[in-house]
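Just protein21.cif here, mmCIF, C-alpha atoms, pLDDT in the B column; chains and numbers go by the auth columns:
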```
data_input
loop_
_atom_site.group_PDB
_atom_site.id
_atom_site.type_symbol
_atom_site.label_atom_id
_atom_site.label_comp_id
_atom_site.label_asym_id
_atom_site.label_seq_id
_atom_site.Cartn_x
_atom_site.Cartn_y
_atom_site.Cartn_z
_atom_site.B_iso_or_equiv
_atom_site.auth_seq_id
_atom_site.auth_asym_id
ATOM 1 C CA MET A 1 -14.780 -1.629 -5.984 74.00 219 A
ATOM 2 C CA LEU A 2 -14.386 -4.020 -3.147 80.00 220 A
ATOM 3 C CA GLY A 3 -12.820 -7.303 -4.164 78.00 221 A
ATOM 4 C CA VAL A 4 -14.248 -10.408 -2.581 73.00 222 A
ATOM 5 C CA ASP A 5 -12.825 -13.891 -2.337 75.00 223 A
ATOM 6 C CA ASP A 6 -15.949 -15.801 -3.331 79.00 224 A
ATOM 7 C CA LEU A 7 -16.067 -14.683 -6.977 83.00 225 A
ATOM 8 C CA ASP A 8 -15.314 -17.297 -9.583 88.00 226 A
ATOM 9 C CA TRP A 9 -13.717 -14.649 -11.806 90.00 227 A
ATOM 10 C CA ASP A 10 -10.939 -12.082 -11.354 89.00 228 A
ATOM 11 C CA LEU A 11 -12.527 -8.700 -10.550 89.00 229 A
ATOM 12 C CA ALA A 12 -9.258 -6.768 -10.838 89.00 230 A
ATOM 13 C CA ALA A 13 -8.468 -8.309 -14.221 92.00 231 A
ATOM 14 C CA ALA A 14 -11.969 -7.559 -15.517 93.00 232 A
ATOM 15 C CA PHE A 15 -11.612 -3.862 -14.712 92.00 233 A
ATOM 16 C CA ALA A 16 -7.918 -3.515 -15.587 95.00 234 A
ATOM 17 C CA PRO A 17 -8.683 -2.129 -19.083 97.00 235 A
ATOM 18 C CA LEU A 18 -10.264 0.914 -17.416 95.00 236 A
ATOM 19 C CA GLY A 19 -6.924 1.875 -15.890 95.00 237 A
ATOM 20 C CA ALA A 20 -7.222 4.750 -13.402 90.00 238 A
ATOM 21 C CA LYS A 21 -10.980 5.024 -13.968 90.00 239 A
ATOM 22 C CA ALA A 22 -11.559 1.994 -11.719 90.00 240 A
ATOM 23 C CA SER A 23 -9.841 0.424 -8.763 89.00 241 A
ATOM 24 C CA VAL A 24 -10.327 -2.703 -6.708 89.00 242 A
ATOM 25 C CA SER A 25 -9.752 -2.576 -2.954 90.00 243 A
ATOM 26 C CA ALA A 26 -8.896 -5.571 -0.808 86.00 244 A
ATOM 27 C CA ASP A 27 -11.016 -4.439 2.148 91.00 245 A
ATOM 28 C CA VAL A 28 -13.420 -1.727 3.311 93.00 246 A
ATOM 29 C CA ASP A 29 -10.676 0.287 5.034 95.00 247 A
ATOM 30 C CA GLU A 30 -8.702 0.489 1.804 94.00 248 A
ATOM 31 C CA LEU A 31 -11.842 1.392 -0.160 94.00 249 A
ATOM 32 C CA LEU A 32 -12.750 4.136 2.334 96.00 250 A
ATOM 33 C CA SER A 33 -9.223 5.538 2.258 96.00 251 A
ATOM 34 C CA GLY A 34 -9.260 5.601 -1.538 94.00 252 A
ATOM 35 C CA LEU A 35 -12.627 7.337 -1.649 95.00 253 A
ATOM 36 C CA LEU A 36 -11.522 9.987 0.830 97.00 254 A
ATOM 37 C CA ALA A 37 -8.379 10.642 -1.195 96.00 255 A
ATOM 38 C CA GLU A 38 -10.361 11.160 -4.401 94.00 256 A
ATOM 39 C CA LEU A 39 -13.576 12.876 -3.308 95.00 257 A
ATOM 40 C CA ARG A 40 -13.910 16.634 -3.622 93.00 258 A
ATOM 41 C CA ALA A 41 -16.699 19.049 -2.661 88.00 259 A
ATOM 42 C CA GLY A 42 -19.669 18.615 -4.999 92.00 260 A
ATOM 43 C CA ASP A 43 -18.887 14.998 -5.895 94.00 261 A
ATOM 44 C CA HIS A 44 -21.631 12.389 -5.737 95.00 262 A
ATOM 45 C CA VAL A 45 -21.088 8.832 -4.518 93.00 263 A
ATOM 46 C CA VAL A 46 -23.287 5.846 -5.276 93.00 264 A
ATOM 47 C CA LEU A 47 -22.696 2.780 -3.114 92.00 265 A
ATOM 48 C CA MET A 48 -24.071 -0.444 -4.549 89.00 266 A
ATOM 49 C CA SER A 49 -23.691 -3.909 -3.136 85.00 267 A
ATOM 50 C CA ASN A 50 -24.899 -7.420 -3.719 79.00 268 A
ATOM 51 C CA GLY A 51 -23.815 -8.190 -0.165 79.00 269 A
ATOM 52 C CA GLY A 52 -23.128 -6.262 3.004 81.00 270 A
ATOM 53 C CA PHE A 53 -21.696 -2.784 3.073 88.00 271 A
ATOM 54 C CA GLN A 54 -19.601 -3.555 6.167 91.00 272 A
ATOM 55 C CA GLY A 55 -20.492 -0.137 7.597 94.00 273 A
ATOM 56 C CA LEU A 56 -19.041 1.791 4.652 95.00 274 A
ATOM 57 C CA PRO A 57 -21.919 4.273 4.107 95.00 275 A
ATOM 58 C CA LEU A 58 -21.913 5.524 7.696 96.00 276 A
ATOM 59 C CA ARG A 59 -18.117 5.535 7.950 97.00 277 A
ATOM 60 C CA LEU A 60 -17.856 7.540 4.731 97.00 278 A
ATOM 61 C CA GLN A 61 -20.513 9.996 5.885 96.00 279 A
ATOM 62 C CA ARG A 62 -18.792 10.553 9.226 97.00 280 A
ATOM 63 C CA ALA A 63 -15.377 10.980 7.628 96.00 281 A
ATOM 64 C CA LEU A 64 -16.711 13.528 5.149 95.00 282 A
ATOM 65 C CA GLU A 65 -18.506 15.422 7.906 94.00 283 A
ATOM 66 C CA SER A 66 -15.297 15.514 9.964 95.00 284 A
ATOM 67 C CA ARG A 67 -13.362 16.772 6.978 92.00 285 A
ATOM 68 C CA ALA A 68 -15.952 19.502 6.350 89.00 286 A
ATOM 69 C CA ASP A 69 -15.896 20.549 10.013 90.00 287 A
ATOM 70 C CA ALA A 70 -12.100 20.723 9.979 91.00 288 A
ATOM 71 C CA SER A 71 -12.056 23.002 6.956 84.00 289 A
ATOM 72 C CA SER A 72 -14.641 25.422 8.390 79.00 290 A
#
```

Just give me the structure of the file as structure tokens.
Amino acid sequence: MLGVDDLDWDLAAAFAPLGAKASVSADVDELLSGLLAELRAGDHVVLMSNGGFQGLPLRLQRALESRADASS
């Protein structure tokens, strides 16, 4: 999850009980890096936002394509 500054509640604290099942990233670069570290072939990703995606879907797609090309 991408943490944002304009929430009137603590996103990280709300999801803390989930432990390793959830994480909160400070920015899109950190979120992308975390996704790439965790994703494996056959995984599915759902990106949902109540705001902008800040280019995340395309950046993730390109990074995954590059990774697939490198392993071929």

Selection: 10 Å around Gln272 (chain A), all atoms listed in the file, excl. self and same-chain fewer than 4 positions, as a PyMOL selection string | chain A and resi 245-247+276-277

With the file shown as input, list the residues that the PyMOL selection byres ((chain A and resi 258-269) around 10) selects, as a PDB file with C-alpha atoms, keeping the file's coordinate frame.
```pdb
ATOM      1  CA  MET A 219     -14.780  -1.629  -5.984  1.00 74.00           C
ATOM      2  CA  LEU A 220     -14.386  -4.020  -3.147  1.00 80.00           C
ATOM      3  CA  LEU A 253     -12.627   7.337  -1.649  1.00 95.00           C
ATOM      4  CA  LEU A 254     -11.522   9.987   0.830  1.00 97.00           C
ATOM      5  CA  ALA A 255      -8.379  10.642  -1.195  1.00 96.00           C
ATOM      6  CA  GLU A 256     -10.361  11.160  -4.401  1.00 94.00           C
ATOM      7  CA  LEU A 257     -13.576  12.876  -3.308  1.00 95.00           C
ATOM      8  CA  GLY A 270     -23.128  -6.262   3.004  1.00 81.00           C
ATOM      9  CA  PHE A 271     -21.696  -2.784   3.073  1.00 88.00           C
ATOM     10  CA  GLN A 272     -19.601  -3.555   6.167  1.00 91.00           C
ATOM     11  CA  LEU A 274     -19.041   1.791   4.652  1.00 95.00           C
ATOM     12  CA  PRO A 275     -21.919   4.273   4.107  1.00 95.00           C
ATOM     13  CA  LEU A 278     -17.856   7.540   4.731  1.00 97.00           C
ATOM     14  CA  LEU A 282     -16.711  13.528   5.149  1.00 95.00           C
ATOM     15  CA  ALA A 286     -15.952  19.502   6.350  1.00 89.00           C
TER      16      ALA A 286
END
```

Translate the PyMOL selection byres ((chain A and resi 230) around 8) into a concrete residue list for this structure, as a PDB file with C-alpha atoms, in the coordinates of the input.
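Result went into result.pdb, see below:
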```
ATOM      1  CA  GLY A 221     -12.820  -7.303  -4.164  1.00 78.00           C
ATOM      2  CA  ASP A 228     -10.939 -12.082 -11.354  1.00 89.00           C
ATOM      3  CA  LEU A 229     -12.527  -8.700 -10.550  1.00 89.00           C
ATOM      4  CA  ALA A 231      -8.468  -8.309 -14.221  1.00 92.00           C
ATOM      5  CA  ALA A 232     -11.969  -7.559 -15.517  1.00 93.00           C
ATOM      6  CA  PHE A 233     -11.612  -3.862 -14.712  1.00 92.00           C
ATOM      7  CA  ALA A 234      -7.918  -3.515 -15.587  1.00 95.00           C
ATOM      8  CA  SER A 241      -9.841   0.424  -8.763  1.00 89.00           C
ATOM      9  CA  VAL A 242     -10.327  -2.703  -6.708  1.00 89.00           C
TER      10      VAL A 242
END
```

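Going from CA of Gly252 (chain A) to CA of Leu236 (chain A) covers 16.6 Å.
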
Point-to-point distance from CA of Gln279 (chain A) to CA of Ala238 (chain A), Å rounded to tenths = 24.0 Å

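Going from CA of Lys239 (chain A) to CA of Ala288 (chain A) covers 28.7 Å.
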